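Undergrad: What follows is coords.pdb, PDB, C-alpha atoms and all ligand atoms.
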ATOM      1  CA  MET A  15       0.000   0.000   0.000  1.00  0.00           C
ATOM      2  CA  PRO A  16       1.427   3.458  -0.869  1.00  0.00           C
ATOM      3  CA  GLU A  17       2.344   5.798   1.976  1.00  0.00           C
ATOM      4  CA  THR A  18       0.263   8.587   0.502  1.00  0.00           C
ATOM      5  CA  ILE A  19      -2.376   8.954  -2.164  1.00  0.00           C
ATOM      6  CA  ILE A  20      -3.989  11.941  -3.839  1.00  0.00           C
ATOM      7  CA  ILE A  21      -7.698  12.454  -3.222  1.00  0.00           C
ATOM      8  CA  HIS A  22      -9.914  14.833  -5.180  1.00  0.00           C
ATOM      9  CA  LEU A  23     -12.971  16.200  -3.415  1.00  0.00           C
ATOM     10  CA  THR A  24     -15.341  19.086  -3.809  1.00  0.00           C
ATOM     11  CA  ILE A  25     -15.582  20.740  -0.414  1.00  0.00           C
ATOM     12  CA  ASN A  26     -18.176  23.458   0.016  1.00  0.00           C
ATOM     13  CA  GLY A  27     -18.351  23.980  -3.720  1.00  0.00           C
ATOM     14  CA  THR A  28     -14.612  24.134  -4.386  1.00  0.00           C
ATOM     15  CA  GLY A  29     -12.704  21.298  -6.048  1.00  0.00           C
ATOM     16  CA  ARG A  30      -9.589  20.427  -4.070  1.00  0.00           C
ATOM     17  CA  SER A  31      -6.821  17.822  -4.066  1.00  0.00           C
ATOM     18  CA  PHE A  32      -5.144  16.390  -0.983  1.00  0.00           C
ATOM     19  CA  ARG A  33      -2.081  14.199  -0.595  1.00  0.00           C
ATOM     20  CA  THR A  34      -2.852  12.043   2.389  1.00  0.00           C
ATOM     21  CA  PRO A  35      -2.237   8.607   3.919  1.00  0.00           C
ATOM     22  CA  PRO A  36      -4.774   6.093   2.542  1.00  0.00           C
ATOM     23  CA  GLY A  37      -6.242   5.424   5.985  1.00  0.00           C
ATOM     24  CA  ARG A  38      -6.977   9.054   6.854  1.00  0.00           C
ATOM     25  CA  ARG A  39     -10.448   9.723   8.220  1.00  0.00           C
ATOM     26  CA  LEU A  40     -12.625  12.163   6.333  1.00  0.00           C
ATOM     27  CA  LEU A  41     -13.053  14.102   9.596  1.00  0.00           C
ATOM     28  CA  ASP A  42      -9.313  14.694   9.903  1.00  0.00           C
ATOM     29  CA  LEU A  43      -8.974  15.706   6.290  1.00  0.00           C
ATOM     30  CA  ILE A  44     -11.865  18.164   6.624  1.00  0.00           C
ATOM     31  CA  ARG A  45     -10.560  19.756   9.815  1.00  0.00           C
ATOM     32  CA  ASP A  46      -6.791  19.573   9.497  1.00  0.00           C
ATOM     33  CA  ASP A  47      -6.157  19.587   5.746  1.00  0.00           C
ATOM     34  CA  ALA A  48      -9.131  21.575   4.456  1.00  0.00           C
ATOM     35  CA  GLY A  49      -9.276  23.863   7.510  1.00  0.00           C
ATOM     36  CA  GLN A  50     -13.038  23.474   7.949  1.00  0.00           C
ATOM     37  CA  THR A  51     -12.989  23.283  11.730  1.00  0.00           C
ATOM     38  CA  GLY A  52     -16.718  23.865  12.143  1.00  0.00           C
ATOM     39  CA  THR A  53     -17.076  20.078  11.979  1.00  0.00           C
ATOM     40  CA  LYS A  54     -16.487  18.705  15.485  1.00  0.00           C
ATOM     41  CA  GLU A  55     -15.153  15.458  16.880  1.00  0.00           C
ATOM     42  CA  GLY A  56     -17.040  14.061  19.851  1.00  0.00           C
ATOM     43  CA  CYS A  57     -16.886  10.308  20.341  1.00  0.00           C
ATOM     44  CA  GLY A  58     -14.827   9.451  17.287  1.00  0.00           C
ATOM     45  CA  ALA A  59     -16.790   6.202  17.103  1.00  0.00           C
ATOM     46  CA  GLY A  60     -19.963   6.915  15.160  1.00  0.00           C
ATOM     47  CA  GLU A  61     -22.128   7.407  18.237  1.00  0.00           C
ATOM     48  CA  CYS A  62     -22.638  11.156  18.744  1.00  0.00           C
ATOM     49  CA  GLY A  63     -23.096  12.781  15.334  1.00  0.00           C
ATOM     50  CA  ALA A  64     -20.952  15.833  16.153  1.00  0.00           C
ATOM     51  CA  CYS A  65     -18.879  15.114  13.045  1.00  0.00           C
ATOM     52  CA  THR A  66     -21.832  14.971  10.625  1.00  0.00           C
ATOM     53  CA  VAL A  67     -21.230  16.379   7.154  1.00  0.00           C
ATOM     54  CA  LEU A  68     -23.128  15.939   3.896  1.00  0.00           C
ATOM     55  CA  LEU A  69     -21.734  13.546   1.298  1.00  0.00           C
ATOM     56  CA  ASP A  70     -23.510  14.312  -1.966  1.00  0.00           C
ATOM     57  CA  GLY A  71     -26.298  15.808   0.137  1.00  0.00           C
ATOM     58  CA  LEU A  72     -26.700  12.934   2.596  1.00  0.00           C
ATOM     59  CA  PRO A  73     -25.596  13.158   6.237  1.00  0.00           C
ATOM     60  CA  ILE A  74     -22.724  10.879   7.276  1.00  0.00           C
ATOM     61  CA  PRO A  75     -20.516  10.585  10.373  1.00  0.00           C
ATOM     62  CA  SER A  76     -17.181  11.778   9.008  1.00  0.00           C
ATOM     63  CA  CYS A  77     -15.266  10.060  11.826  1.00  0.00           C
ATOM     64  CA  LEU A  78     -16.235   6.657  10.413  1.00  0.00           C
ATOM     65  CA  VAL A  79     -15.566   7.359   6.755  1.00  0.00           C
ATOM     66  CA  LEU A  80     -12.218   7.103   5.002  1.00  0.00           C
ATOM     67  CA  ALA A  81     -11.397  10.194   2.987  1.00  0.00           C
ATOM     68  CA  ALA A  82     -10.235   7.959   0.146  1.00  0.00           C
ATOM     69  CA  SER A  83     -13.695   6.434  -0.153  1.00  0.00           C
ATOM     70  CA  CYS A  84     -15.078   9.884  -1.014  1.00  0.00           C
ATOM     71  CA  GLU A  85     -12.891  10.317  -4.102  1.00  0.00           C
ATOM     72  CA  GLY A  86     -14.678  12.532  -6.629  1.00  0.00           C
ATOM     73  CA  HIS A  87     -17.612  13.293  -4.351  1.00  0.00           C
ATOM     74  CA  GLU A  88     -19.037  16.452  -2.871  1.00  0.00           C
ATOM     75  CA  ILE A  89     -18.689  17.267   0.818  1.00  0.00           C
ATOM     76  CA  THR A  90     -20.618  20.030   2.531  1.00  0.00           C
ATOM     77  CA  THR A  91     -19.691  21.214   6.007  1.00  0.00           C
ATOM     78  CA  VAL A  92     -21.410  23.764   8.187  1.00  0.00           C
ATOM     79  CA  GLU A  93     -19.194  26.494   6.695  1.00  0.00           C
ATOM     80  CA  GLY A  94     -20.591  25.684   3.258  1.00  0.00           C
ATOM     81  CA  LEU A  95     -24.119  26.633   4.280  1.00  0.00           C
ATOM     82  CA  VAL A  96     -23.302  30.335   4.348  1.00  0.00           C
ATOM     83  CA  HIS A  97     -23.949  32.087   1.043  1.00  0.00           C
ATOM     84  CA  ASP A  98     -22.968  35.692   0.323  1.00  0.00           C
ATOM     85  CA  GLY A  99     -22.404  36.174   4.044  1.00  0.00           C
ATOM     86  CA  SER A 100     -25.905  35.041   4.949  1.00  0.00           C
ATOM     87  CA  PRO A 101     -26.462  31.983   7.139  1.00  0.00           C
ATOM     88  CA  HIS A 102     -28.740  29.156   6.024  1.00  0.00           C
ATOM     89  CA  ALA A 103     -32.347  29.279   7.239  1.00  0.00           C
ATOM     90  CA  VAL A 104     -31.606  26.363   9.588  1.00  0.00           C
ATOM     91  CA  GLN A 105     -28.687  28.218  11.151  1.00  0.00           C
ATOM     92  CA  GLU A 106     -30.821  31.315  11.711  1.00  0.00           C
ATOM     93  CA  ALA A 107     -33.695  29.273  13.111  1.00  0.00           C
ATOM     94  CA  MET A 108     -31.446  27.396  15.539  1.00  0.00           C
ATOM     95  CA  VAL A 109     -30.325  30.700  17.027  1.00  0.00           C
ATOM     96  CA  GLU A 110     -33.836  32.147  17.043  1.00  0.00           C
ATOM     97  CA  THR A 111     -35.428  29.170  18.819  1.00  0.00           C
ATOM     98  CA  GLY A 112     -32.672  28.423  21.315  1.00  0.00           C
ATOM     99  CA  GLY A 113     -31.735  25.217  19.512  1.00  0.00           C
ATOM    100  CA  VAL A 114     -28.115  26.230  20.133  1.00  0.00           C
ATOM    101  CA  GLN A 115     -27.035  26.009  23.750  1.00  0.00           C
ATOM    102  CA  CYS A 116     -23.526  24.725  24.522  1.00  0.00           C
ATOM    103  CA  GLY A 117     -23.178  24.370  20.750  1.00  0.00           C
ATOM    104  CA  PHE A 118     -21.077  21.237  20.616  1.00  0.00           C
ATOM    105  CA  CYS A 119     -23.663  19.177  18.788  1.00  0.00           C
ATOM    106  CA  THR A 120     -24.828  22.108  16.698  1.00  0.00           C
ATOM    107  CA  PRO A 121     -22.825  21.744  13.469  1.00  0.00           C
ATOM    108  CA  GLY A 122     -23.855  18.096  13.196  1.00  0.00           C
ATOM    109  CA  VAL A 123     -27.477  18.789  14.098  1.00  0.00           C
ATOM    110  CA  ILE A 124     -27.589  21.550  11.516  1.00  0.00           C
ATOM    111  CA  MET A 125     -26.215  19.316   8.755  1.00  0.00           C
ATOM    112  CA  THR A 126     -28.754  16.584   9.470  1.00  0.00           C
ATOM    113  CA  SER A 127     -31.510  19.208   9.669  1.00  0.00           C
ATOM    114  CA  VAL A 128     -30.552  20.706   6.329  1.00  0.00           C
ATOM    115  CA  ALA A 129     -30.758  17.254   4.750  1.00  0.00           C
ATOM    116  CA  LEU A 130     -34.210  16.750   6.334  1.00  0.00           C
ATOM    117  CA  LEU A 131     -35.501  19.995   4.877  1.00  0.00           C
ATOM    118  CA  GLU A 132     -33.938  19.446   1.482  1.00  0.00           C
ATOM    119  CA  ASN A 133     -35.637  16.060   1.307  1.00  0.00           C
ATOM    120  CA  SER A 134     -38.964  17.514   2.525  1.00  0.00           C
ATOM    121  CA  ILE A 135     -39.031  15.292   5.609  1.00  0.00           C
ATOM    122  CA  ASP A 136     -41.414  17.233   7.812  1.00  0.00           C
ATOM    123  CA  ASP A 137     -42.994  14.435   9.832  1.00  0.00           C
ATOM    124  CA  ARG A 138     -41.923  14.912  13.461  1.00  0.00           C
ATOM    125  CA  GLU A 139     -41.461  11.205  14.168  1.00  0.00           C
ATOM    126  CA  GLU A 140     -39.358  10.698  11.087  1.00  0.00           C
ATOM    127  CA  GLN A 141     -37.324  13.781  11.921  1.00  0.00           C
ATOM    128  CA  GLY A 142     -36.771  12.314  15.380  1.00  0.00           C
ATOM    129  CA  ARG A 143     -35.575   9.030  13.912  1.00  0.00           C
ATOM    130  CA  ARG A 144     -33.177  10.802  11.567  1.00  0.00           C
ATOM    131  CA  LEU A 145     -31.854  13.075  14.333  1.00  0.00           C
ATOM    132  CA  ALA A 146     -31.369  10.151  16.726  1.00  0.00           C
ATOM    133  CA  GLY A 147     -27.760   9.907  15.605  1.00  0.00           C
ATOM    134  CA  ASN A 148     -27.066  13.492  16.675  1.00  0.00           C
ATOM    135  CA  LEU A 149     -26.792  13.490  20.461  1.00  0.00           C
ATOM    136  CA  CYS A 150     -27.726  16.729  22.197  1.00  0.00           C
ATOM    137  CA  ARG A 151     -27.433  16.868  25.965  1.00  0.00           C
ATOM    138  CA  CYS A 152     -28.730  20.413  26.350  1.00  0.00           C
ATOM    139  CA  THR A 153     -31.922  21.146  24.456  1.00  0.00           C
ATOM    140  CA  GLY A 154     -34.167  18.140  25.007  1.00  0.00           C
ATOM    141  CA  TYR A 155     -34.635  18.344  21.201  1.00  0.00           C
ATOM    142  CA  GLU A 156     -37.853  20.381  21.402  1.00  0.00           C
ATOM    143  CA  LYS A 157     -36.005  23.552  20.437  1.00  0.00           C
ATOM    144  CA  ILE A 158     -34.316  21.722  17.576  1.00  0.00           C
ATOM    145  CA  PHE A 159     -37.697  20.513  16.278  1.00  0.00           C
ATOM    146  CA  HIS A 160     -38.984  24.051  16.626  1.00  0.00           C
ATOM    147  CA  ALA A 161     -36.019  25.297  14.603  1.00  0.00           C
ATOM    148  CA  LEU A 162     -36.874  22.790  11.882  1.00  0.00           C
ATOM    149  CA  GLU A 163     -40.439  24.107  11.793  1.00  0.00           C
ATOM    150  CA  VAL A 164     -39.271  27.715  11.572  1.00  0.00           C
ATOM    151  CA  ALA A 165     -36.660  26.939   8.926  1.00  0.00           C
ATOM    152  CA  GLY A 166     -39.185  24.913   6.955  1.00  0.00           C
ATOM    153  CA  THR A 167     -41.323  28.001   6.524  1.00  0.00           C
ATOM    154  CA  THR A 168     -38.405  30.255   5.543  1.00  0.00           C
ATOM    155  CA  ASP A 169     -36.144  27.837   3.638  1.00  0.00           C
ATOM    156  CA  ASP A 170     -35.119  29.113   0.226  1.00  0.00           C
TER     157      ASP A 170
HETATM  158  S1  LIG A 201     -17.369  12.072  16.395  1.00  0.00           S
HETATM  159 FE1  LIG A 201     -18.275  11.035  14.756  1.00  0.00          FE
HETATM  160  S2  LIG A 201     -20.077  10.188  15.542  1.00  0.00           S
HETATM  161 FE2  LIG A 201     -19.105  11.088  17.275  1.00  0.00          FE
HETATM  162  S1  LIG A 202     -26.551  22.255  22.472  1.00  0.00           S
HETATM  163 FE1  LIG A 202     -25.247  21.294  23.927  1.00  0.00          FE
HETATM  164  S2  LIG A 202     -25.124  19.233  23.265  1.00  0.00           S
HETATM  165 FE2  LIG A 202     -26.590  20.143  21.962  1.00  0.00          FE
END
Taking this structure as input, can you express it in the form of structure tokens?
Ligand code: FES
Ligand code: FES

TA:
Amino acid sequence: MPETIIIHLTINGTGRSFRTPPGRRLLDLIRDDAGQTGTKEGCGAGECGACTVLLDGLPIPSCLVLAASCEGHEITTVEGLVHDGSPHAVQEAMVETGGVQCGFCTPGVIMTSVALLENSIDDREEQGRRLAGNLCRCTGYEKIFHALEVAGTTDD
């Protein structure tokens, strides 16, 4: 196995190449190589969802995914939700409703929430199932569900 390989990814709309060891986690590449430190590491074991990013629009735990397996694909992190200096409707709604408290889970919760809205998943039970992989110790989730409601009425 080679010591390093070159991986091509689109991160937040920009095509980039990285020389990296073949076993590097996507999370490490995103944070340390691409400098997108909005994505957090919690458990590092696929349990907490703090590291959630979108892979071709679908939420994944980036701590469990090898960067090399994403060759040629599109990654969106929480930084990529801001357009022309304006936050995404989900980001605004999370602040407005108090869905952000300590904030550690927030980038991951926001990425899963964006995917819910973009796939028109507005059933509360289904939203709950999809958010079950994003652990939040602070909000009791009600404020996050409220944020989804608010964002769903303002999403562009
Ligand atoms: S850091 Fe990836 S799931 Fe917890
Ligand atoms: S806001 Fe603190 S863990 Fe979710």

Undergrad: Please provide as a short mmCIF file (atom, residue, chain, number, x, y, z; two decimals) with C-alpha atoms, keeping the file's coordinate frame all residues within 10 Å of region 47-64 of chain A, with the sequence filter that same-chain residues fewer than 5 positions apart are discarded (counting all atoms listed in the file).

TA:
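This went into selection.cif:
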data_model
loop_
_atom_site.label_atom_id
_atom_site.label_comp_id
_atom_site.auth_asym_id
_atom_site.auth_seq_id
_atom_site.Cartn_x
_atom_site.Cartn_y
_atom_site.Cartn_z
CA ILE A 25 -15.58 20.74 -0.41
CA ASN A 26 -18.18 23.46 0.02
CA ARG A 30 -9.59 20.43 -4.07
CA SER A 31 -6.82 17.82 -4.07
CA PHE A 32 -5.14 16.39 -0.98
CA ARG A 33 -2.08 14.20 -0.60
CA THR A 34 -2.85 12.04 2.39
CA LEU A 40 -12.62 12.16 6.33
CA LEU A 41 -13.05 14.10 9.60
CA ASP A 42 -9.31 14.69 9.90
CA PRO A 73 -25.60 13.16 6.24
CA ILE A 74 -22.72 10.88 7.28
CA PRO A 75 -20.52 10.58 10.37
CA SER A 76 -17.18 11.78 9.01
CA CYS A 77 -15.27 10.06 11.83
CA LEU A 78 -16.24 6.66 10.41
CA VAL A 79 -15.57 7.36 6.76
CA THR A 90 -20.62 20.03 2.53
CA THR A 91 -19.69 21.21 6.01
CA VAL A 92 -21.41 23.76 8.19
CA GLU A 93 -19.19 26.49 6.70
CA GLY A 94 -20.59 25.68 3.26
CA GLY A 117 -23.18 24.37 20.75
CA PHE A 118 -21.08 21.24 20.62
CA CYS A 119 -23.66 19.18 18.79
CA THR A 120 -24.83 22.11 16.70
CA PRO A 121 -22.82 21.74 13.47
CA GLY A 122 -23.86 18.10 13.20
CA VAL A 123 -27.48 18.79 14.10
CA ILE A 124 -27.59 21.55 11.52
CA MET A 125 -26.22 19.32 8.76
CA THR A 126 -28.75 16.58 9.47
CA LEU A 145 -31.85 13.08 14.33
CA ALA A 146 -31.37 10.15 16.73
CA GLY A 147 -27.76 9.91 15.60
CA ASN A 148 -27.07 13.49 16.68
CA LEU A 149 -26.79 13.49 20.46
CA CYS A 150 -27.73 16.73 22.20
#

Undergrad: Expand the PyMOL selection byres (((chain A and resi 162-168) around 7) and not hetatm) into the individual residues it matches in the shown file, reporting them as a PyMOL selection string.

TA: chain A and resi 103-104+107+127+131+158-161+169-170

Undergrad: Please save C-alpha atoms of the selected residues as a CSV table (one decimal), in the coordinates of the input.

TA:
chain,number,residue,atom,x,y,z
A,103,ALA,CA,-32.3,29.3,7.2
A,104,VAL,CA,-31.6,26.4,9.6
A,107,ALA,CA,-33.7,29.3,13.1
A,127,SER,CA,-31.5,19.2,9.7
A,131,LEU,CA,-35.5,20.0,4.9
A,158,ILE,CA,-34.3,21.7,17.6
A,159,PHE,CA,-37.7,20.5,16.3
A,160,HIS,CA,-39.0,24.1,16.6
A,161,ALA,CA,-36.0,25.3,14.6
A,169,ASP,CA,-36.1,27.8,3.6
A,170,ASP,CA,-35.1,29.1,0.2

Undergrad: Report, in Å with one decimal, the straight-line distance from CA of Asp46 (chain A) to CA of Thr153 (chain A).

TA: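 Between CA of Asp46 (chain A) and CA of Thr153 (chain A) the gap works out to 29.3 Å.
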
Undergrad: As lines of an AutoDock Vina configuration file, what would the box around ligand LIG 202 (chain A) look like: edges along x, y and z, 6 Å added on every side, centre and edge lengths in Å to one decimal?

TA:
center_x = -25.9
center_y = 20.7
center_z = 22.9
size_x = 13.5
size_y = 15.0
size_z = 14.0

Undergrad: Selection in question (the file shown): the PyMOL selection byres (((chain A and resi 83) around 10) and not hetatm). Which residues does it include, as a list in words?

TA: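 This file gives the following for the PyMOL selection byres (((chain A and resi 83) around 10) and not hetatm): Ile21, Pro36, Gly37, Arg39, Leu40, Val79, Leu80, Ala81, Ala82, Cys84, Glu85, Gly86 and His87 of chain A.
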
Undergrad: Just so the selection is clear, what residues does the PyMOL selection byres (((chain A and resi 16) around 10) and not hetatm) cover here, as a PDB file with C-alpha atoms, keeping the file's coordinate frame?

TA:
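Writing done, so here's out.pdb:
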ATOM      1  CA  MET A  15       0.000   0.000   0.000  1.00  0.00           C
ATOM      2  CA  GLU A  17       2.344   5.798   1.976  1.00  0.00           C
ATOM      3  CA  THR A  18       0.263   8.587   0.502  1.00  0.00           C
ATOM      4  CA  ILE A  19      -2.376   8.954  -2.164  1.00  0.00           C
ATOM      5  CA  PRO A  35      -2.237   8.607   3.919  1.00  0.00           C
ATOM      6  CA  PRO A  36      -4.774   6.093   2.542  1.00  0.00           C
TER       7      PRO A  36
END

Undergrad: Figure out the distance between atom S1 of ligand LIG 202 (chain A) and CA of Thr111 (chain A), please, to one decimal in Å.

TA: 11.8 Å

Undergrad: Quick one, how far is CA of Val67 (chain A) from atom S1 of ligand LIG 202 (chain A)?

TA: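 Pair CA of Val67 (chain A) / atom S1 of ligand LIG 202 (chain A) returns 17.2 Å.
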
Undergrad: Looking at A:Gly113, A:Gly71, A:Gly154, A:Gly99, which one is nearest to Leu130 (chain A), with distances taken over only C-alpha atoms?

TA: A:Gly71

Undergrad: When distances are computed from only C-alpha atoms and all ligand atoms, which of A:Gln141, A:Gln105, A:Gln115, A:Ser134 shows the smallest separation from ligand LIG 202 (chain A)?

TA: A:Gln115
